[in-house]
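Undergrad: Before I ask anything, here is the structure I am working with.
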Amino acid sequence: MYADIIVNLSVKSIDRPYTYRIPEDLEDKIVPGTPVMVPFGNGGRVIKGFVTGIHAGATLSDDRIKNICGICDKSNEIEEKMLSLAAWMKEQFGSTMNEAIKCCLPVKDKMENKTVSTITPGVPFETLRNALSEALEKKRTARARLYEALIDKGEIGRAYALKELKLTAATLRDEEEKGFIKITTVDEVRGPYKDITERDVPPELTPGQKLITESIKNDLREGIRSDYLIFGETGSGKTEIYMDIISECIASGKQAIMLIPEISLTYQTVSRFIRRFGDRVSIMNSRLSPGERFDQYMRAKNGLADIMIGPRSALFAPFERLGLIVMDEEHETSYKSESSPAYHAREVALRRAAIEGASVILGSATPSLESYAMAKAGRLKLFKLTGRTGNAVHPDVYLVDMREELRKKNRTMFSYTLREQIENRLAKKEQVMLFLNRRGYSTSVSCRECGTVIKCPHCDVTMTLHKDGRMICHYCGYNAERPSLCPKCGSRYIGTFGAGTQKIEEELKKIWPQARIIRMDSDSVRRKGSMDECLKTFERGGADILLGTQMIVKGHDFPNVTLVGILLADLSLYSPDLRSGERTFELIAQASGRAGRGSKKGMVVIQTYDPENYAIVSAAKRDYESFFEEEMAYRVTMGYPPAGIMLAINLSSEKEDVLEESAGRLAKIVRNLYSDSGRFKVIGPAKASLYKIKDIFHMVIYVKTYDGKGLRALGDELRQKAALNVAEGVRVEYNYNN
Ligand code: ADP
Ligand code: ZN
Ligand code: ZN
């Protein structure tokens, strides 16, 4: 047996691991991630390396391959722990070891700190003015420009002097030596959080919160490593719980990672942590430059920070003494990486914590099926946090059957109930939020008379309508002609439907010309900062109605909103996704949570063509348990996660015919590999739901099974065969449980 080994963790050697022979007595002890001692270079100096892969054959001739000397003793180095995490990720998510290492040890090259230099006068203004006259006389125009700018502005940036005033560095140096100017250089200010100096005093926790914090803190104190799920609606006080426990964690000398989905990583949220924990907080987000990223990373590594806040990439903060990982809104889709390794932050968090003896707290108002199933199985300790803080009460919820409206000849987007309620709020000068669910919009075929949606007979997911008029299942490739009559009730009101926010805005203006409306969708807020502006205007009472897509349901608190209307609750049900029910429940629950956040009681009107659907009914009743039971039963029947496991093999290429041919060939190989009767089900190849993106075509093959171990065990073989059998230029990626 041979092992691929990287000898130090710089970018270059990761890209090119070296092959070593595994001595027989070590064969069963060496796995990817194991730290080993190997002879290296001509002198054969023994150094430390890490195993990245194991294989039976080697391309080099045998006499040129050296033996591994031995296994290193377990040490506590952070790189080692991260490598063992990488090795696990490689297996779990089907990436290469290199991809996994790059993900776990992300920052390699030192980035220079960005600096800013400023030029100020070194002499009194009077002297400068004289120098200016003299320079103009002697036609020393460059210097004249410098003096003029300094007289005019008082100070200028060095970059400005070089670029705009076209001065040379030599001239500036000369002027500095003469004492005419002063140049001061400081590190560029990093992040807008530097100015937050005030500190918050933690509030007295409610008895409900205390029950949870005491229980978890007790475990921490006694060294009991455990993982937890806190199930509590938005505003119930989960963040205060996280902060209380983090505070205990860092007081005991440990460090904590706080994961927050990118979309919720706002100034407001982050500053709350800074006001509590000061400069022991480090922040990662996608807006950081590589230099800033490096900075934050090194702060963590050098022990200058105890808390790392960020989206899923913050999971890989190089903390030596990790004690806690908190994952807020753990159900969020952005926790899943789409590129290789296509990992889910929840799984990695649980794994990293286990490796390092840390604990994980997951928090959500609408837990993922994965987490709740784990809680039910006892893998997570479950805490429920009920009731909102303050005196806000739950809104009344009305479910409106839009098929009835059609029968009553109401063809508008607003049911009679909703119209009446909007009228009422406008009169009372209270605010309204109207929410249009745009997931799956216009690509599904459904009946407005009976609510039927056309689904794939094999996969039970919604079929997608294509421009050529055929409906396709993006799980298995099954396709059919678009029907002209509803297959269930015979109605001719079948087709794609749903209106854009623009059309709804027009309708609103027609009915209520006096109402002030803000429309928010991805088109209207494309301009940077305009989203915050819109929200602020609405918060100040600058509008009566806020109309928007899912982007308006997240996190914002508007105390004067007493009515929330969900215009087409079922649209997300129609998206071709095995988690469409889960997303629908989540969206309704969140949208409803926007009503009555202040002291006034709120109301929610949910409009739907499918009022019996369990996701909608249980969301309206705020009954997560029933939803979970039904949804889980569906996943079990269909073999979908978390009951079963699915491997998606994604192929992509610029050339459509080459892609199709390779996908067909690979599907045959996959069928052969997983031929084990009945245990695995190979589906496809099919065109991906987004078939053509930026001129690249995408196809997918699925393997479905209840035997996750068996599926992964064949991962390496599959990758090797795929590499040999797909055409050049066809990219293959693996994605478990997408
Ligand atoms: P969640 O994270 O569940 O959405 P938060 O922790 O953000 O909830 O709490 C919602 C609001 O209630 C915040 O403004 C928070 O400061 C406040 N709050 C939470 N717990 C308490 C408490 N024990 N006493 C006073 N205010 C609290
Ligand atoms: Zn019908
Ligand atoms: Zn299908």
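Chains: A, B, ... in order of the structure tokens. Residues: from 1 per chain. Ligands: from 1, in order shown.
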Can you tell me, as a VMD selection string, what residues are no more than 8 Å from segment 609-622 of chain A when counting only C-alpha atoms, ignoring any on the same chain fewer than 4 positions away?
TA: chain A and resid 397 to 403 448 to 452 568 to 570 581 to 582 584 to 586 588 to 589 626 to 627 630
Undergrad: Please, could you write that set of residues out with C-alpha atoms as a PDB file, in the first residue's frame?
TA:
```pdb
ATOM      1  CA  VAL A 397     -53.987  33.594  11.280  1.00  0.00           C
ATOM      2  CA  TYR A 398     -56.546  33.267   8.468  1.00  0.00           C
ATOM      3  CA  LEU A 399     -56.200  30.739   5.697  1.00  0.00           C
ATOM      4  CA  VAL A 400     -57.989  31.869   2.515  1.00  0.00           C
ATOM      5  CA  ASP A 401     -58.889  29.398  -0.212  1.00  0.00           C
ATOM      6  CA  MET A 402     -58.202  31.190  -3.489  1.00  0.00           C
ATOM      7  CA  ARG A 403     -60.229  28.621  -5.439  1.00  0.00           C
ATOM      8  CA  ARG A 448     -56.412  27.333 -10.221  1.00  0.00           C
ATOM      9  CA  GLU A 449     -59.691  25.525  -9.863  1.00  0.00           C
ATOM     10  CA  CYS A 450     -58.629  22.560  -7.731  1.00  0.00           C
ATOM     11  CA  GLY A 451     -55.033  23.352  -6.743  1.00  0.00           C
ATOM     12  CA  THR A 452     -53.469  20.309  -8.403  1.00  0.00           C
ATOM     13  CA  LEU A 568     -49.471  32.922  -2.885  1.00  0.00           C
ATOM     14  CA  ALA A 569     -48.317  30.713  -0.084  1.00  0.00           C
ATOM     15  CA  ASP A 570     -48.126  27.605  -2.209  1.00  0.00           C
ATOM     16  CA  GLY A 581     -42.422  21.502   1.801  1.00  0.00           C
ATOM     17  CA  GLU A 582     -39.845  22.442   4.378  1.00  0.00           C
ATOM     18  CA  THR A 584     -42.836  26.549   2.460  1.00  0.00           C
ATOM     19  CA  PHE A 585     -43.361  25.909   6.142  1.00  0.00           C
ATOM     20  CA  GLU A 586     -40.336  28.029   6.941  1.00  0.00           C
ATOM     21  CA  ILE A 588     -44.886  31.076   6.125  1.00  0.00           C
ATOM     22  CA  ALA A 589     -43.678  30.798   9.703  1.00  0.00           C
ATOM     23  CA  SER A 626     -47.371  17.775  12.861  1.00  0.00           C
ATOM     24  CA  PHE A 627     -45.427  19.183   9.975  1.00  0.00           C
ATOM     25  CA  GLU A 630     -45.876  14.301   7.787  1.00  0.00           C
TER      26      GLU A 630
END
```
Undergrad: For the strand (DSSP E or B) assignment from backbone DSSP, which residues of segment 46-120 of chain A qualify? Please present them as a PyMOL selection string.
TA: chain A and resi 46-55+66-67+70-71+115-120
Undergrad: Would you write out those residues with N, CA and C atoms, as a compact mmCIF listing (two decimals), in the first residue's frame?
TA:
```txt
# COMPACT_ATOMS: atom_id res chain seq x y z
N VAL A 46 14.47 13.49 8.20
CA VAL A 46 13.13 13.03 8.57
C VAL A 46 12.28 14.22 9.01
N ILE A 47 11.17 14.41 8.33
CA ILE A 47 10.29 15.51 8.70
C ILE A 47 8.84 15.04 8.81
N LYS A 48 8.03 15.94 9.26
CA LYS A 48 6.62 15.58 9.48
C LYS A 48 5.81 15.80 8.21
N GLY A 49 4.87 14.90 7.97
CA GLY A 49 3.99 15.05 6.81
C GLY A 49 2.60 14.58 7.17
N PHE A 50 1.68 14.80 6.25
CA PHE A 50 0.30 14.37 6.49
C PHE A 50 -0.19 13.52 5.34
N VAL A 51 -0.86 12.43 5.69
CA VAL A 51 -1.39 11.54 4.66
C VAL A 51 -2.64 12.19 4.04
N THR A 52 -2.66 12.27 2.72
CA THR A 52 -3.85 12.82 2.07
C THR A 52 -4.64 11.77 1.31
N GLY A 53 -4.02 10.64 1.04
CA GLY A 53 -4.76 9.60 0.32
C GLY A 53 -4.00 8.29 0.39
N ILE A 54 -4.71 7.18 0.15
CA ILE A 54 -4.09 5.86 0.21
C ILE A 54 -4.50 5.09 -1.04
N HIS A 55 -3.56 4.42 -1.66
CA HIS A 55 -3.92 3.63 -2.84
C HIS A 55 -3.02 2.40 -2.94
N LYS A 66 10.20 5.83 -1.05
CA LYS A 66 10.71 5.62 0.31
C LYS A 66 9.59 5.18 1.25
N ASN A 67 10.03 4.63 2.37
CA ASN A 67 9.07 4.17 3.38
C ASN A 67 8.68 5.28 4.35
N GLY A 70 7.26 6.43 10.51
CA GLY A 70 6.39 6.11 11.64
C GLY A 70 5.29 7.14 11.77
N ILE A 71 4.42 6.87 12.73
CA ILE A 71 3.32 7.80 12.96
C ILE A 71 3.71 8.78 14.06
N THR A 115 -2.14 49.93 3.84
CA THR A 115 -1.88 51.14 4.60
C THR A 115 -2.37 52.36 3.83
N VAL A 116 -2.59 53.42 4.55
CA VAL A 116 -3.01 54.67 3.94
C VAL A 116 -2.03 55.75 4.38
N SER A 117 -1.50 56.50 3.41
CA SER A 117 -0.57 57.58 3.75
C SER A 117 -1.23 58.93 3.46
N THR A 118 -1.03 59.83 4.37
CA THR A 118 -1.62 61.15 4.24
C THR A 118 -0.53 62.21 4.26
N ILE A 119 -0.72 63.23 3.42
CA ILE A 119 0.25 64.32 3.37
C ILE A 119 -0.35 65.56 4.01
N THR A 120 0.37 66.14 4.97
CA THR A 120 -0.06 67.41 5.58
C THR A 120 1.10 68.40 5.46
```
Undergrad: List the neighbours of Ala354 of chain A out to 12 Å using only C-alpha atoms; skip same-chain residues closer than 2 positions along the sequence, and give me the result as a ChimeraX atom specification.
TA: /A:81,84-85,88,224-227,322-325,347-352,356-360
Undergrad: Which of these, A:Thr333, A:Thr269, A:Thr185, A:Gln255, has the shortest distance to ligand 1 once you count only C-alpha atoms and all ligand atoms?
TA: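 The closest residue to ligand 1 is A:Thr269.
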Undergrad: Taking only C-alpha atoms and all ligand atoms into account, which residues are within 8 Å of ligand 2, as a list in words?
TA: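 Using only C-alpha atoms and all ligand atoms, everything at most 8 Å from ligand 2 comes to Ser446, Cys447, Arg448, Glu449, Cys450, Gly451, Thr452, Leu485, Cys486, Pro487, Lys488, Cys489, Gly490, Ser491, Arg492, Tyr493 and Ile494 of chain A.
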Undergrad: Any residue with an atom at most 8 Å from ligand 3 counts, using only C-alpha atoms and all ligand atoms. Which are they? Put them as a list in words.
TA: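 Written in the requested form, the residues are Cys456, Pro457, His458, Cys459, Asp460, Val461, Met463, Cys473, His474, Tyr475, Cys476, Gly477 and Tyr478 of chain A.
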Undergrad: Extract, using only C-alpha atoms, all DNA, RNA and protein residues at most 9 Å from segment 174-176 of chain A, discarding same-chain residues fewer than 6 positions from it, and format them as number ranges by chain.
TA: A: 122, 143, 182-183
Undergrad: Write a file of the just-selected residues containing C-alpha atoms, as a short mmCIF file (atom, residue, chain, number, x, y, z; two decimals), in the first residue's frame.
TA:
```
data_model
loop_
_atom_site.label_atom_id
_atom_site.label_comp_id
_atom_site.auth_asym_id
_atom_site.auth_seq_id
_atom_site.Cartn_x
_atom_site.Cartn_y
_atom_site.Cartn_z
CA GLY A 122 5.13 70.76 7.44
CA ARG A 143 5.34 71.23 -6.90
CA LYS A 182 4.73 65.55 6.48
CA ILE A 183 3.69 62.04 5.44
#
```
Undergrad: If you count only C-alpha atoms and all ligand atoms, which residues end up within 10 Å of ligand 1, as a PDB file with C-alpha atoms, in the first residue's frame?
TA:
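Everything below was put into part32.pdb:
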```
ATOM      1  CA  PRO A 202     -26.450  41.719  29.696  1.00  0.00           C
ATOM      2  CA  PRO A 203     -30.156  41.700  30.563  1.00  0.00           C
ATOM      3  CA  GLU A 204     -31.506  39.570  33.385  1.00  0.00           C
ATOM      4  CA  LEU A 205     -32.490  36.358  31.609  1.00  0.00           C
ATOM      5  CA  THR A 206     -36.068  35.168  31.802  1.00  0.00           C
ATOM      6  CA  PRO A 207     -36.719  31.916  33.681  1.00  0.00           C
ATOM      7  CA  GLY A 208     -37.237  30.159  30.328  1.00  0.00           C
ATOM      8  CA  GLN A 209     -33.874  31.351  29.070  1.00  0.00           C
ATOM      9  CA  LYS A 210     -32.149  30.530  32.352  1.00  0.00           C
ATOM     10  CA  ILE A 230     -32.635  25.317  20.758  1.00  0.00           C
ATOM     11  CA  PHE A 231     -36.013  25.499  19.117  1.00  0.00           C
ATOM     12  CA  GLY A 232     -37.529  28.917  19.650  1.00  0.00           C
ATOM     13  CA  GLU A 233     -39.220  31.376  17.402  1.00  0.00           C
ATOM     14  CA  THR A 234     -37.595  34.579  16.220  1.00  0.00           C
ATOM     15  CA  GLY A 235     -37.516  37.107  19.012  1.00  0.00           C
ATOM     16  CA  SER A 236     -37.841  34.534  21.756  1.00  0.00           C
ATOM     17  CA  GLY A 237     -34.388  35.402  23.069  1.00  0.00           C
ATOM     18  CA  LYS A 238     -32.077  32.800  21.545  1.00  0.00           C
ATOM     19  CA  THR A 239     -29.295  35.276  20.812  1.00  0.00           C
ATOM     20  CA  GLU A 240     -29.209  36.320  24.466  1.00  0.00           C
ATOM     21  CA  ILE A 241     -28.839  32.645  25.330  1.00  0.00           C
ATOM     22  CA  TYR A 242     -25.958  32.223  22.893  1.00  0.00           C
ATOM     23  CA  MET A 243     -24.192  35.269  24.292  1.00  0.00           C
ATOM     24  CA  THR A 269     -26.379  41.730  14.529  1.00  0.00           C
ATOM     25  CA  ARG A 272     -24.643  43.486  19.210  1.00  0.00           C
ATOM     26  CA  ASP A 328     -27.979  30.294  14.457  1.00  0.00           C
ATOM     27  CA  GLU A 329     -30.820  29.686  12.000  1.00  0.00           C
ATOM     28  CA  GLY A 363     -30.731  27.289  17.002  1.00  0.00           C
ATOM     29  CA  SER A 364     -33.786  27.767  14.835  1.00  0.00           C
ATOM     30  CA  ALA A 365     -37.398  28.876  14.750  1.00  0.00           C
ATOM     31  CA  LEU A 385     -38.086  28.262  24.118  1.00  0.00           C
ATOM     32  CA  THR A 386     -41.638  29.477  24.021  1.00  0.00           C
ATOM     33  CA  GLY A 387     -43.122  32.920  23.913  1.00  0.00           C
ATOM     34  CA  ARG A 388     -41.728  36.141  22.643  1.00  0.00           C
ATOM     35  CA  THR A 389     -39.922  38.509  24.911  1.00  0.00           C
ATOM     36  CA  GLY A 390     -41.738  41.700  25.761  1.00  0.00           C
ATOM     37  CA  GLY A 555     -35.357  39.455  10.703  1.00  0.00           C
ATOM     38  CA  ASP A 557     -38.708  44.314  13.290  1.00  0.00           C
TER      39      ASP A 557
END
```
Undergrad: Contacts of Leu465 of chain A at 8 Å or less, counting only C-alpha atoms, minus same-chain residues fewer than 4 places along, as a ChimeraX atom specification?
TA: /A:443-445,469-472,482
Undergrad: Out of segment 197-435 of chain A, which residues get alpha helix (DSSP H) from DSSP, as JSON, numbers by chain?
TA: {"A": [207, 208, 209, 210, 211, 212, 213, 214, 215, 216, 217, 218, 219, 220, 221, 238, 239, 240, 241, 242, 243, 244, 245, 246, 247, 248, 249, 250, 251, 267, 268, 269, 270, 271, 272, 273, 274, 275, 276, 277, 290, 291, 292, 293, 294, 295, 296, 297, 298, 299, 300, 301, 345, 346, 347, 348, 349, 350, 351, 352, 353, 354, 355, 356, 369, 370, 371, 372, 373, 374, 375, 376, 402, 403, 404, 405, 406, 407, 416, 417, 418, 419, 420, 421, 422, 423, 424, 425, 426, 427, 428]}
Undergrad: Those same residues, written as a CSV table (one decimal), in the first residue's frame with C-alpha atoms?
TA:
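again.csv was written with the following content:
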```
chain,number,residue,atom,x,y,z
A,207,PRO,CA,-36.7,31.9,33.7
A,208,GLY,CA,-37.2,30.2,30.3
A,209,GLN,CA,-33.9,31.4,29.1
A,210,LYS,CA,-32.1,30.5,32.4
A,211,LEU,CA,-33.4,27.0,32.3
A,212,ILE,CA,-31.5,26.5,29.0
A,213,THR,CA,-28.4,28.5,29.8
A,214,GLU,CA,-27.9,26.9,33.2
A,215,SER,CA,-28.3,23.4,31.8
A,216,ILE,CA,-25.8,23.9,29.0
A,217,LYS,CA,-23.3,25.9,31.2
A,218,ASN,CA,-23.5,23.1,33.7
A,219,ASP,CA,-22.4,20.6,31.1
A,220,LEU,CA,-19.6,22.9,30.1
A,221,ARG,CA,-18.4,23.3,33.7
A,238,LYS,CA,-32.1,32.8,21.5
A,239,THR,CA,-29.3,35.3,20.8
A,240,GLU,CA,-29.2,36.3,24.5
A,241,ILE,CA,-28.8,32.6,25.3
A,242,TYR,CA,-26.0,32.2,22.9
A,243,MET,CA,-24.2,35.3,24.3
A,244,ASP,CA,-24.6,34.1,27.9
A,245,ILE,CA,-23.1,30.7,27.1
A,246,ILE,CA,-20.3,32.2,24.9
A,247,SER,CA,-19.5,34.5,27.8
A,248,GLU,CA,-19.1,31.5,30.1
A,249,CYS,CA,-17.1,29.6,27.5
A,250,ILE,CA,-14.5,32.4,27.0
A,251,ALA,CA,-14.3,33.1,30.8
A,267,TYR,CA,-24.3,45.6,11.0
A,268,GLN,CA,-27.0,45.4,13.7
A,269,THR,CA,-26.4,41.7,14.5
A,270,VAL,CA,-22.6,42.0,14.5
A,271,SER,CA,-22.5,45.2,16.6
A,272,ARG,CA,-24.6,43.5,19.2
A,273,PHE,CA,-21.8,41.0,19.7
A,274,ILE,CA,-19.2,43.7,19.7
A,275,ARG,CA,-21.1,45.7,22.3
A,276,ARG,CA,-21.1,42.6,24.5
A,277,PHE,CA,-17.6,41.2,23.9
A,290,PRO,CA,-8.2,39.0,1.0
A,291,GLY,CA,-6.0,41.2,3.3
A,292,GLU,CA,-8.8,41.7,5.8
A,293,ARG,CA,-9.6,38.0,5.7
A,294,PHE,CA,-6.0,37.2,6.4
A,295,ASP,CA,-6.0,39.6,9.2
A,296,GLN,CA,-9.0,38.1,10.9
A,297,TYR,CA,-7.6,34.6,10.4
A,298,MET,CA,-4.3,35.5,12.0
A,299,ARG,CA,-6.0,37.2,14.9
A,300,ALA,CA,-7.8,34.0,15.6
A,301,LYS,CA,-4.7,31.9,15.2
A,345,ALA,CA,-21.9,23.5,7.9
A,346,ARG,CA,-24.1,21.6,10.4
A,347,GLU,CA,-22.4,18.3,9.8
A,348,VAL,CA,-19.0,19.9,9.8
A,349,ALA,CA,-19.7,21.8,13.0
A,350,LEU,CA,-20.7,18.6,14.7
A,351,ARG,CA,-17.7,16.8,13.4
A,352,ARG,CA,-15.2,19.6,14.3
A,353,ALA,CA,-16.6,19.9,17.8
A,354,ALA,CA,-16.3,16.1,18.3
A,355,ILE,CA,-12.6,16.2,17.2
A,356,GLU,CA,-11.8,19.1,19.5
A,369,LEU,CA,-35.7,17.9,9.4
A,370,GLU,CA,-32.1,16.8,9.8
A,371,SER,CA,-31.7,18.5,13.2
A,372,TYR,CA,-35.1,17.7,14.6
A,373,ALA,CA,-34.7,14.1,13.6
A,374,MET,CA,-31.4,14.1,15.5
A,375,ALA,CA,-33.0,15.6,18.5
A,376,LYS,CA,-35.8,13.0,18.5
A,402,MET,CA,-58.2,31.2,-3.5
A,403,ARG,CA,-60.2,28.6,-5.4
A,404,GLU,CA,-63.3,30.0,-3.6
A,405,GLU,CA,-62.4,33.5,-4.7
A,406,LEU,CA,-62.3,32.4,-8.3
A,407,ARG,CA,-65.7,30.9,-7.9
A,416,TYR,CA,-62.0,39.7,-0.1
A,417,THR,CA,-60.6,39.1,3.4
A,418,LEU,CA,-57.3,40.6,2.6
A,419,ARG,CA,-58.8,43.6,0.9
A,420,GLU,CA,-61.0,44.3,3.8
A,421,GLN,CA,-58.1,44.0,6.2
A,422,ILE,CA,-55.8,46.3,4.2
A,423,GLU,CA,-58.6,48.9,4.0
A,424,ASN,CA,-58.9,48.7,7.8
A,425,ARG,CA,-55.2,49.2,8.4
A,426,LEU,CA,-54.9,52.1,6.0
A,427,ALA,CA,-57.7,53.8,7.9
A,428,LYS,CA,-56.1,53.1,11.3
```
Undergrad: Determine the nearest neighbour of Asn130 of chain A from the options A:Lys655, A:Lys153, A:Tyr702, A:Phe180, counting only C-alpha atoms.
TA: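 Of the candidates, the smallest distance to Asn130 of chain A is held by A:Phe180.
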Undergrad: Taking only C-alpha atoms into account, which of A:Gln502, A:Asp306, A:Glu134, A:Ala688 comes nearest Gly278 of chain A?
TA: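 When distances to Gly278 of chain A are compared using only C-alpha atoms, the smallest one comes from A:Asp306.
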Undergrad: Excluding segment 719-729 of chain A and any residue of its chain fewer than 5 positions from it, enumerate the residues within 8 Å of it, using only C-alpha atoms, and give them as a short mmCIF file (atom, residue, chain, number, x, y, z; two decimals) with all heavy atoms, in the first residue's frame.
TA:
```cif
data_model
loop_
_atom_site.label_atom_id
_atom_site.label_comp_id
_atom_site.auth_asym_id
_atom_site.auth_seq_id
_atom_site.Cartn_x
_atom_site.Cartn_y
_atom_site.Cartn_z
N SER A 653 -20.46 21.02 -18.88
CA SER A 653 -19.57 21.25 -20.02
C SER A 653 -20.13 22.35 -20.91
O SER A 653 -21.32 22.63 -20.88
CB SER A 653 -19.43 19.96 -20.82
OG SER A 653 -18.80 20.22 -22.05
N GLU A 654 -19.26 22.93 -21.68
CA GLU A 654 -19.72 23.93 -22.65
C GLU A 654 -20.37 23.26 -23.84
O GLU A 654 -21.14 23.87 -24.56
CB GLU A 654 -18.54 24.76 -23.15
CG GLU A 654 -17.99 25.70 -22.12
CD GLU A 654 -16.69 26.33 -22.57
OE1 GLU A 654 -16.09 25.86 -23.58
OE2 GLU A 654 -16.27 27.30 -21.92
N VAL A 658 -21.25 16.56 -26.15
CA VAL A 658 -20.20 15.86 -25.40
C VAL A 658 -20.69 15.55 -23.99
O VAL A 658 -20.49 14.46 -23.47
CB VAL A 658 -18.91 16.72 -25.33
CG1 VAL A 658 -17.88 16.06 -24.44
CG2 VAL A 658 -18.37 16.96 -26.72
N LEU A 659 -21.37 16.50 -23.39
CA LEU A 659 -21.88 16.34 -22.04
C LEU A 659 -22.88 15.19 -21.99
O LEU A 659 -22.79 14.31 -21.13
CB LEU A 659 -22.55 17.63 -21.57
CG LEU A 659 -23.24 17.56 -20.22
CD1 LEU A 659 -22.22 17.36 -19.11
CD2 LEU A 659 -24.04 18.84 -19.96
N SER A 662 -21.11 11.83 -22.32
CA SER A 662 -20.37 11.48 -21.10
C SER A 662 -21.32 11.11 -19.97
O SER A 662 -21.07 10.17 -19.22
CB SER A 662 -19.49 12.64 -20.65
OG SER A 662 -18.38 12.76 -21.49
N ALA A 663 -22.40 11.86 -19.85
CA ALA A 663 -23.37 11.59 -18.78
C ALA A 663 -23.96 10.21 -18.95
O ALA A 663 -24.12 9.45 -17.99
CB ALA A 663 -24.45 12.66 -18.77
N ARG A 665 -22.57 7.66 -20.50
CA ARG A 665 -21.55 6.66 -20.20
C ARG A 665 -21.34 6.53 -18.69
O ARG A 665 -21.28 5.44 -18.14
CB ARG A 665 -20.23 7.08 -20.88
CG ARG A 665 -19.16 6.04 -20.88
CD ARG A 665 -18.48 5.89 -22.24
NE ARG A 665 -18.38 7.16 -22.95
CZ ARG A 665 -17.24 7.84 -23.08
NH1 ARG A 665 -16.14 7.40 -22.54
NH2 ARG A 665 -17.21 8.97 -23.76
N LEU A 666 -21.27 7.66 -18.01
CA LEU A 666 -21.04 7.62 -16.56
C LEU A 666 -22.22 6.96 -15.85
O LEU A 666 -22.04 6.20 -14.91
CB LEU A 666 -20.79 9.03 -16.02
CG LEU A 666 -20.41 9.10 -14.54
CD1 LEU A 666 -19.17 8.26 -14.26
CD2 LEU A 666 -20.15 10.55 -14.11
N ILE A 669 -21.76 3.33 -15.87
CA ILE A 669 -20.73 2.94 -14.91
C ILE A 669 -21.29 2.97 -13.49
O ILE A 669 -21.08 2.05 -12.70
CB ILE A 669 -19.51 3.87 -15.03
CG1 ILE A 669 -18.83 3.63 -16.37
CG2 ILE A 669 -18.55 3.67 -13.87
CD1 ILE A 669 -17.84 4.69 -16.75
#
```
Undergrad: For Asp468 of chain A, please output as a list in words all residues within 12 Å (counting only C-alpha atoms; exclusion window: fewer than 5 positions along the same chain).
TA: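 The neighbour list is Asn479, Ala480, Glu481 and Arg482 of chain A.
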Undergrad: Generate the output file for the selected residues, N, CA and C atoms, as a CSV table (one decimal), in the first residue's frame.
TA:
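So the final result, stored in out_24.csv, reads:
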```csv
chain,number,residue,atom,x,y,z
A,479,ASN,N,-40.2,13.1,-18.9
A,479,ASN,CA,-40.9,14.3,-19.4
A,479,ASN,C,-42.2,14.0,-20.1
A,480,ALA,N,-43.0,15.0,-20.2
A,480,ALA,CA,-44.4,14.8,-20.7
A,480,ALA,C,-44.9,16.1,-21.3
A,481,GLU,N,-45.9,16.0,-22.1
A,481,GLU,CA,-46.5,17.1,-22.8
A,481,GLU,C,-47.3,17.9,-21.7
A,482,ARG,N,-47.3,19.2,-21.8
A,482,ARG,CA,-48.1,20.0,-20.9
A,482,ARG,C,-49.6,19.8,-21.2
```
Undergrad: Find the distance between atom CA of Val564 of chain A and atom CA of Asp396 of chain A and write it in Å to one decimal.
TA: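 We find that atom CA of Val564 of chain A and atom CA of Asp396 of chain A lie 10.4 Å from each other.
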Undergrad: Between atom CA of His344 of chain A and atom CA of Gln550 of chain A, what is the spacing in Å?
TA: 22.3 Å
Undergrad: So what do you get for atom CA of Pro23 of chain A versus atom CA of Ala87 of chain A, distance-wise?
TA: 20.8 Å
